[in-house]
>>> print(open('upload03.txt').read())   # compact mmCIF, C-alpha atoms
# COMPACT_ATOMS: atom_id res chain seq x y z
CA MET A 641 30.78 59.49 18.62
CA TYR A 642 28.35 59.31 21.51
CA THR A 643 29.52 58.50 25.01
CA ASP A 644 28.47 54.97 25.96
CA ILE A 645 25.36 54.65 28.10
CA VAL A 646 27.30 52.83 30.83
CA ASP A 647 29.76 55.71 31.19
CA LEU A 648 26.93 58.27 31.20
CA ARG A 649 25.04 56.43 33.91
CA GLU A 650 28.14 55.99 36.07
CA PHE A 651 29.00 59.67 35.81
CA TYR A 652 25.55 60.84 36.89
CA GLU A 653 25.59 58.42 39.79
CA SER A 654 28.85 59.94 41.09
CA GLY A 655 29.09 62.97 43.36
CA LEU A 656 30.48 65.17 40.57
CA GLY A 657 27.71 64.06 38.23
CA GLN A 658 25.01 64.77 40.80
CA THR A 659 26.40 68.27 41.30
CA ALA A 660 26.54 68.93 37.56
CA GLN A 661 22.98 67.66 37.22
CA ARG A 662 21.69 70.04 39.88
CA MET A 663 23.43 73.09 38.42
CA ILE A 664 22.27 72.44 34.84
CA ARG A 665 18.76 71.44 35.88
CA ARG A 666 18.37 74.69 37.79
CA ARG A 667 19.13 76.67 34.64
CA ILE A 668 16.75 74.55 32.57
CA ARG A 669 13.92 75.24 34.99
CA ASN A 670 14.69 78.95 34.84
CA ILE A 671 14.24 78.84 31.06
CA TRP A 672 11.19 76.56 31.16
CA PRO A 673 9.41 77.36 34.43
CA ASP A 674 6.01 76.16 33.25
CA VAL A 675 5.36 73.25 30.85
CA ARG A 676 1.77 72.48 31.84
CA ASN A 677 -0.35 70.94 29.06
CA GLN A 678 2.72 70.49 26.88
CA ILE A 679 4.58 67.49 25.47
CA VAL A 680 8.28 67.45 26.38
CA LEU A 681 10.78 65.30 24.48
CA GLY A 682 14.40 64.69 25.44
CA ILE A 683 17.01 63.64 22.86
CA GLY A 684 20.46 62.34 23.79
CA TYR A 685 20.91 61.52 27.47
CA THR A 686 18.31 63.73 29.10
CA THR A 687 16.72 61.58 31.79
CA PRO A 688 18.59 63.31 34.67
CA TYR A 689 16.98 66.57 33.56
CA LEU A 690 13.46 65.45 32.64
CA ARG A 691 12.29 64.30 36.06
CA PRO A 692 11.04 67.75 37.23
CA PHE A 693 8.65 67.79 34.26
CA ILE A 694 6.94 64.51 35.20
CA GLY A 695 3.56 65.29 36.71
CA GLU A 696 3.60 68.83 35.30
CA ALA A 697 3.82 68.31 31.54
CA ASP A 698 1.03 66.57 29.68
CA ARG A 699 3.53 63.93 28.51
CA VAL A 700 7.26 63.34 28.88
CA ALA A 701 9.36 61.07 26.63
CA ALA A 702 13.01 60.53 25.78
CA VAL A 703 14.85 59.15 22.75
CA MET A 704 18.37 57.78 23.18
CA PRO A 705 20.50 57.31 20.04
CA ALA A 706 21.15 53.72 19.01
CA SER A 707 24.93 54.25 18.95
CA GLN A 708 24.80 55.44 22.57
CA GLY A 709 22.60 52.75 24.08
CA VAL A 710 19.56 52.96 26.31
CA SER A 711 18.68 52.52 29.97
CA PHE A 712 15.24 52.07 31.49
CA TRP A 713 13.68 55.19 32.99
CA PRO A 714 12.03 55.99 35.34
CA ALA A 715 12.65 53.13 37.71
CA GLU A 716 9.35 53.53 39.59
CA GLY A 717 6.87 53.45 36.72
CA PRO A 718 6.18 52.70 33.06
CA GLY A 719 9.11 53.28 30.72
CA MET A 720 9.31 56.64 28.96
CA VAL A 721 12.48 56.00 26.94
CA ALA A 722 12.86 54.70 23.39
CA LEU A 723 15.99 53.62 21.53
CA GLY A 724 16.04 55.14 18.06
CA ASP A 725 17.80 56.97 15.27
CA GLU A 726 18.17 60.67 16.01
CA ALA A 727 17.71 61.36 12.29
CA ASP A 728 14.41 59.42 12.15
CA LEU A 729 12.34 60.24 15.23
CA PRO A 730 9.25 58.07 15.86
CA PHE A 731 6.84 61.00 16.13
CA GLY A 732 4.44 62.69 13.76
CA ASP A 733 4.80 66.18 12.31
CA ASN A 734 4.06 69.11 14.65
CA THR A 735 3.41 66.92 17.69
CA ILE A 736 6.02 68.08 20.25
CA ASP A 737 5.97 71.35 22.21
CA ARG A 738 9.42 71.28 23.83
CA VAL A 739 12.62 69.44 22.87
CA LEU A 740 15.52 69.19 25.33
CA LEU A 741 18.84 68.28 23.73
CA VAL A 742 21.62 67.16 26.12
CA HIS A 743 24.69 65.04 25.21
CA GLY A 744 23.36 65.06 21.66
CA LEU A 745 24.79 67.78 19.43
CA GLU A 746 28.41 67.25 20.44
CA GLY A 747 28.34 63.52 19.73
CA THR A 748 26.12 63.05 16.68
CA GLU A 749 27.46 62.20 13.25
CA GLN A 750 24.14 63.31 11.71
CA LEU A 751 23.97 66.91 12.86
CA ARG A 752 21.85 68.41 10.09
CA PRO A 753 19.46 65.42 9.68
CA MET A 754 18.90 65.37 13.45
CA MET A 755 18.11 69.08 13.59
CA ARG A 756 15.78 68.76 10.60
CA GLU A 757 13.92 65.97 12.42
CA ILE A 758 13.60 68.13 15.51
CA TRP A 759 12.22 70.92 13.31
CA ARG A 760 9.74 68.47 11.77
CA VAL A 761 8.28 67.15 15.04
CA LEU A 762 8.11 70.54 16.76
CA ALA A 763 4.72 72.20 16.73
CA GLY A 764 4.27 75.79 15.62
CA GLY A 765 5.60 77.94 18.44
CA GLY A 766 7.60 74.99 19.78
CA ARG A 767 10.99 75.45 21.42
CA VAL A 768 14.24 73.50 21.45
CA LEU A 769 16.78 73.90 24.25
CA ALA A 770 20.31 72.78 23.32
CA VAL A 771 22.83 72.13 26.11
CA VAL A 772 26.39 71.67 24.83
CA PRO A 773 29.94 71.79 26.27
CA ASN A 774 31.40 75.29 26.07
CA ARG A 775 34.51 75.39 23.91
CA ARG A 776 36.30 77.77 26.28
CA GLY A 777 35.28 76.04 29.50
CA LEU A 778 37.26 73.62 31.66
CA TRP A 779 34.62 70.90 31.36
CA ALA A 780 35.26 70.53 27.62
CA ARG A 781 38.83 69.44 28.53
CA ALA A 782 37.80 67.05 31.30
CA ASP A 783 37.65 63.72 29.45
CA TRP A 784 36.67 61.92 32.67
CA THR A 785 33.23 63.53 32.24
CA PRO A 786 30.78 63.23 29.31
CA PHE A 787 31.26 66.95 28.62
CA GLY A 788 34.88 66.28 27.66
CA HIS A 789 33.91 64.13 24.67
CA GLY A 790 32.67 65.09 21.23
CA PHE A 791 32.69 68.51 19.60
CA PRO A 792 32.30 71.50 21.97
CA TYR A 793 30.67 74.74 20.81
CA SER A 794 31.04 78.42 21.49
CA SER A 795 27.86 80.48 21.77
CA SER A 796 28.32 81.91 18.27
CA GLN A 797 28.92 78.45 16.76
CA LEU A 798 25.81 77.01 18.39
CA LYS A 799 23.69 79.94 17.22
CA GLN A 800 24.97 79.44 13.68
CA VAL A 801 24.05 75.75 13.78
CA LEU A 802 20.54 76.65 14.90
CA ARG A 803 20.11 79.32 12.23
CA ASP A 804 21.39 76.99 9.50
CA THR A 805 18.73 74.43 10.44
CA MET A 806 15.80 76.90 10.47
CA PHE A 807 15.68 77.84 14.14
CA VAL A 808 15.74 81.31 15.68
CA PRO A 809 17.96 81.62 18.80
CA GLU A 810 15.99 83.31 21.55
CA ARG A 811 17.87 83.07 24.87
CA THR A 812 21.39 82.11 25.96
CA ARG A 813 22.31 80.83 29.42
CA HIS A 814 25.42 79.31 30.98
CA ALA A 815 26.07 76.78 33.75
CA LEU A 816 28.81 74.69 35.42
CA PHE A 817 31.34 77.27 36.56
CA MET A 818 32.98 75.11 39.21
CA PRO A 819 36.12 73.18 38.15
CA PRO A 820 35.38 69.58 37.10
CA LEU A 821 37.12 68.06 40.10
CA ARG A 822 35.92 65.34 42.45
CA SER A 823 36.63 67.41 45.54
CA ARG A 824 33.72 67.39 47.96
CA VAL A 825 34.59 70.90 49.11
CA LEU A 826 34.22 72.21 45.57
CA GLN A 827 30.98 70.32 45.06
CA LYS A 828 29.49 71.84 48.22
CA SER A 829 30.46 75.31 47.06
CA ALA A 830 28.99 74.81 43.58
CA PRO A 831 26.07 77.28 44.12
CA ALA A 832 28.55 80.02 44.98
CA TRP A 833 30.59 79.24 41.84
CA GLU A 834 27.39 79.48 39.79
CA GLU A 835 26.47 82.83 41.31
CA VAL A 836 29.88 84.43 40.73
CA GLY A 837 30.46 82.82 37.33
CA GLY A 838 27.00 83.73 36.05
CA ARG A 839 27.75 87.40 36.73
CA TRP A 840 31.36 87.82 35.73
CA PHE A 841 32.76 84.79 33.90
CA LYS A 842 30.10 83.59 31.45
CA ALA A 843 32.70 82.94 28.74
CA PHE A 844 34.28 80.21 30.89
CA ALA A 845 31.13 78.27 31.79
CA GLY A 846 31.19 74.49 31.47
CA VAL A 847 28.10 74.36 29.26
CA THR A 848 26.29 76.75 26.95
CA MET A 849 22.50 76.61 26.74
CA ILE A 850 20.51 78.23 23.93
CA GLU A 851 16.75 78.15 23.53
CA ALA A 852 15.51 78.52 19.96
CA SER A 853 12.11 78.70 18.28
CA LYS A 854 10.98 76.99 15.12
CA GLN A 855 11.25 79.23 12.07
CA ILE A 856 8.30 78.94 9.69
CA PHE A 857 8.24 80.41 6.21
CA ALA A 858 5.15 81.26 4.16
CA GLY A 859 5.31 80.14 0.55
CA VAL A 860 3.39 79.68 -2.66
CA SER A 861 3.53 76.44 -4.59
CA ARG A 862 5.29 76.47 -7.95
CA ARG A 863 2.17 75.20 -9.69
CA ALA A 864 0.02 77.98 -8.25
CA ALA A 865 2.61 80.63 -9.10
CA HIS A 866 2.69 79.63 -12.80
CA GLN A 867 -0.98 78.81 -13.28
CA PRO A 868 -2.73 81.21 -15.75
CA VAL A 869 -5.23 83.57 -14.17
CA LYS A 870 -8.79 82.95 -15.29
CA ARG A 871 -11.89 85.12 -15.24
CA ARG A 872 -15.53 84.43 -15.97
CA LEU A 873 -17.48 86.38 -18.58
CA ILE A 874 -21.28 86.60 -18.72
CA VAL A 875 -22.54 86.37 -22.33
CA PRO A 876 -26.31 87.01 -22.78
CA LEU A 877 -28.26 85.04 -25.38
CA PRO A 878 -30.22 86.87 -28.13
CA GLY A 879 -33.61 88.14 -27.05
CA GLY A 880 -32.90 87.70 -23.37
CA ALA A 881 -35.53 84.95 -23.09
CA ALA A 882 -33.16 82.27 -21.87
CA PRO A 883 -30.79 82.31 -18.89
CA ALA A 884 -27.37 83.74 -19.56
CA ALA A 885 -24.66 81.28 -20.71
CA ARG A 886 -21.27 81.51 -18.98
CA ILE A 887 -17.97 80.62 -20.55
CA THR A 888 -14.44 80.71 -19.21
CA VAL A 889 -11.65 82.25 -21.23
CA LEU A 890 -8.04 82.93 -20.54
CA ARG A 891 -7.00 86.50 -20.15
CA SER A 892 -5.40 87.68 -23.39
CA THR A 893 -2.85 89.73 -21.45
CA ILE A 894 -1.34 86.52 -20.11
CA THR A 895 -1.66 84.04 -22.98
CA GLY A 896 -2.12 86.22 -26.01
CA ASN A 897 -4.21 83.43 -27.59
CA ASP A 898 -7.56 83.47 -29.31
CA PRO A 899 -10.38 81.65 -27.42
CA VAL A 900 -10.42 79.08 -30.20
CA ASP A 901 -6.72 78.31 -29.57
CA SER A 902 -7.43 77.86 -25.89
CA GLY A 903 -10.05 75.20 -26.61
CA GLN A 904 -13.03 77.33 -25.46
CA PRO A 905 -16.13 77.70 -27.74
CA TYR A 906 -17.38 81.01 -29.04
CA PRO A 907 -20.88 81.93 -27.83
CA ARG A 908 -23.57 81.12 -30.32
CA THR A 909 -25.43 84.00 -31.95
>>> encode(input="upload03.txt", output="structure tokens")
Amino acid sequence: MYTDIVDLREFYESGLGQTAQRMIRRRIRNIWPDVRNQIVLGIGYTTPYLRPFIGEADRVAAVMPASQGVSFWPAEGPGMVALGDEADLPFGDNTIDRVLLVHGLEGTEQLRPMMREIWRVLAGGGRVLAVVPNRRGLWARADWTPFGHGFPYSSSQLKQVLRDTMFVPERTRHALFMPPLRSRVLQKSAPAWEEVGGRWFKAFAGVTMIEASKQIFAGVSRRAAHQPVKRRLIVPLPGGAAPAARITVLRSTITGNDPVDSGQPYPRT
């Protein structure tokens, strides 16, 4: 079940939520430092992390799941958020360059359909960045935060989910090493926690972040694979006075049939 939109908004308006937003957003920008001329889509509750892309990306949009609820964003301009079904995204095939997934995987009841939809809308060479609560981290146990709800993932579990839905994991990052406490002292020291934790305690991060690329397979249609191979034969007419007549016959090595059986006429003599 998704966390309600009211609870999400209240958390990110609090001091602890603002700190978490800054730490995670810093990692996101490290992974995606340049999104110029690209279309960026957020799924879940991503508006706290999409703002740096406004004015840089060609277009920014967000989809919030219907069971979560929606809030208007951004406050100072035209709305960029839509309420929809995560398993039926309102975008055409191969139209999105980057998909940011926050507060989405851990709460959805349609995991595979949602990932298949993300695969569908991503353009060739597109990337998805999944941010999920780390199973071994303290934030996954803090039910007074959105990261303490839903199904947390380890790095290996998240990679397996991505592989099973035709994505190739490319990079793994971690964030939120400070304890999920409302202490102002801890919140002020959050950058130091991130520096130390990022070097020595990655297994205990609050969130795991994996960027993956769209996997594309080359294939041959069943009809084309089973269609008999044809060749053209040039049959000259007697005397050579008239242009050559061309007929098409099936190769005997494939069909083993006489041209009469294949419905093709013999050349006249």
>>> residues_around(input="upload03.txt", residues="Ala722 of chain A", least_positions_apart="3", cutoff="7 Å", atoms="all atoms listed in the file", output="list of chain:residue names")
A:Ala702, A:Val703, A:Met704
>>> atom_distance(input="upload03.txt", atom1="atom CA of Leu821 of chain A", atom2="atom CA of Ala780 of chain A")
12.9 Å
>>> closest_residue(input="upload03.txt", among="A:Ala727, A:Leu745, A:Ile694, A:Met754", to="His789 of chain A", atoms="all atoms listed in the file")
A:Leu745
>>> residues_near_point(input="upload03.txt", point="(15.7, 55.3, 21.0)", cutoff="7 Å", atoms="all atoms listed in the file", output="ChimeraX atom specification")
/A:703-706,710,721-725
>>> closest_residue(input="upload03.txt", among="A:Arg738, A:Lys828, A:Arg676, A:Arg775", to="Val761 of chain A", atoms="all atoms listed in the file")
A:Arg738
>>> residues_around(input="upload03.txt", residues="Glu835 of chain A", least_positions_apart="6", cutoff="10 Å", atoms="all atoms listed in the file", output="list in words")
Ala815, Phe817 and Phe841 of chain A
>>> build_atoms(input="upload03.txt", residues="segment 791-809 of chain A", atoms="N, CA and C atoms", output="CSV table (one decimal), keeping the file's coordinate frame")
chain,number,residue,atom,x,y,z
A,791,PHE,N,32.3,67.2,20.2
A,791,PHE,CA,32.7,68.5,19.6
A,791,PHE,C,32.1,69.6,20.4
A,792,PRO,N,32.9,70.4,21.2
A,792,PRO,CA,32.3,71.5,22.0
A,792,PRO,C,32.0,72.7,21.1
A,793,TYR,N,31.1,73.6,21.6
A,793,TYR,CA,30.7,74.7,20.8
A,793,TYR,C,30.9,76.0,21.6
A,794,SER,N,31.2,77.1,20.9
A,794,SER,CA,31.0,78.4,21.5
A,794,SER,C,29.6,78.9,21.3
A,795,SER,N,29.2,80.0,21.9
A,795,SER,CA,27.9,80.5,21.8
A,795,SER,C,27.6,80.9,20.3
A,796,SER,N,28.5,81.5,19.7
A,796,SER,CA,28.3,81.9,18.3
A,796,SER,C,28.2,80.7,17.3
A,797,GLN,N,29.0,79.7,17.6
A,797,GLN,CA,28.9,78.4,16.8
A,797,GLN,C,27.6,77.8,16.9
A,798,LEU,N,27.1,77.7,18.1
A,798,LEU,CA,25.8,77.0,18.4
A,798,LEU,C,24.7,77.8,17.8
A,799,LYS,N,24.7,79.1,17.9
A,799,LYS,CA,23.7,79.9,17.2
A,799,LYS,C,23.7,79.8,15.7
A,800,GLN,N,24.9,79.6,15.1
A,800,GLN,CA,25.0,79.4,13.7
A,800,GLN,C,24.4,78.1,13.3
A,801,VAL,N,24.6,77.1,14.1
A,801,VAL,CA,24.0,75.8,13.8
A,801,VAL,C,22.5,75.8,13.8
A,802,LEU,N,22.0,76.5,14.8
A,802,LEU,CA,20.5,76.6,14.9
A,802,LEU,C,20.0,77.4,13.7
A,803,ARG,N,20.6,78.5,13.4
A,803,ARG,CA,20.1,79.3,12.2
A,803,ARG,C,20.2,78.5,10.9
A,804,ASP,N,21.2,77.8,10.7
A,804,ASP,CA,21.4,77.0,9.5
A,804,ASP,C,20.3,75.9,9.4
A,805,THR,N,19.7,75.5,10.5
A,805,THR,CA,18.7,74.4,10.4
A,805,THR,C,17.3,75.0,10.7
A,806,MET,N,17.1,76.3,10.4
A,806,MET,CA,15.8,76.9,10.5
A,806,MET,C,15.2,77.0,11.9
A,807,PHE,N,16.1,77.5,12.8
A,807,PHE,CA,15.7,77.8,14.1
A,807,PHE,C,16.1,79.3,14.4
A,808,VAL,N,15.4,79.9,15.3
A,808,VAL,CA,15.7,81.3,15.7
A,808,VAL,C,16.2,81.3,17.1
A,809,PRO,N,17.5,81.6,17.4
A,809,PRO,CA,18.0,81.6,18.8
A,809,PRO,C,17.2,82.7,19.6
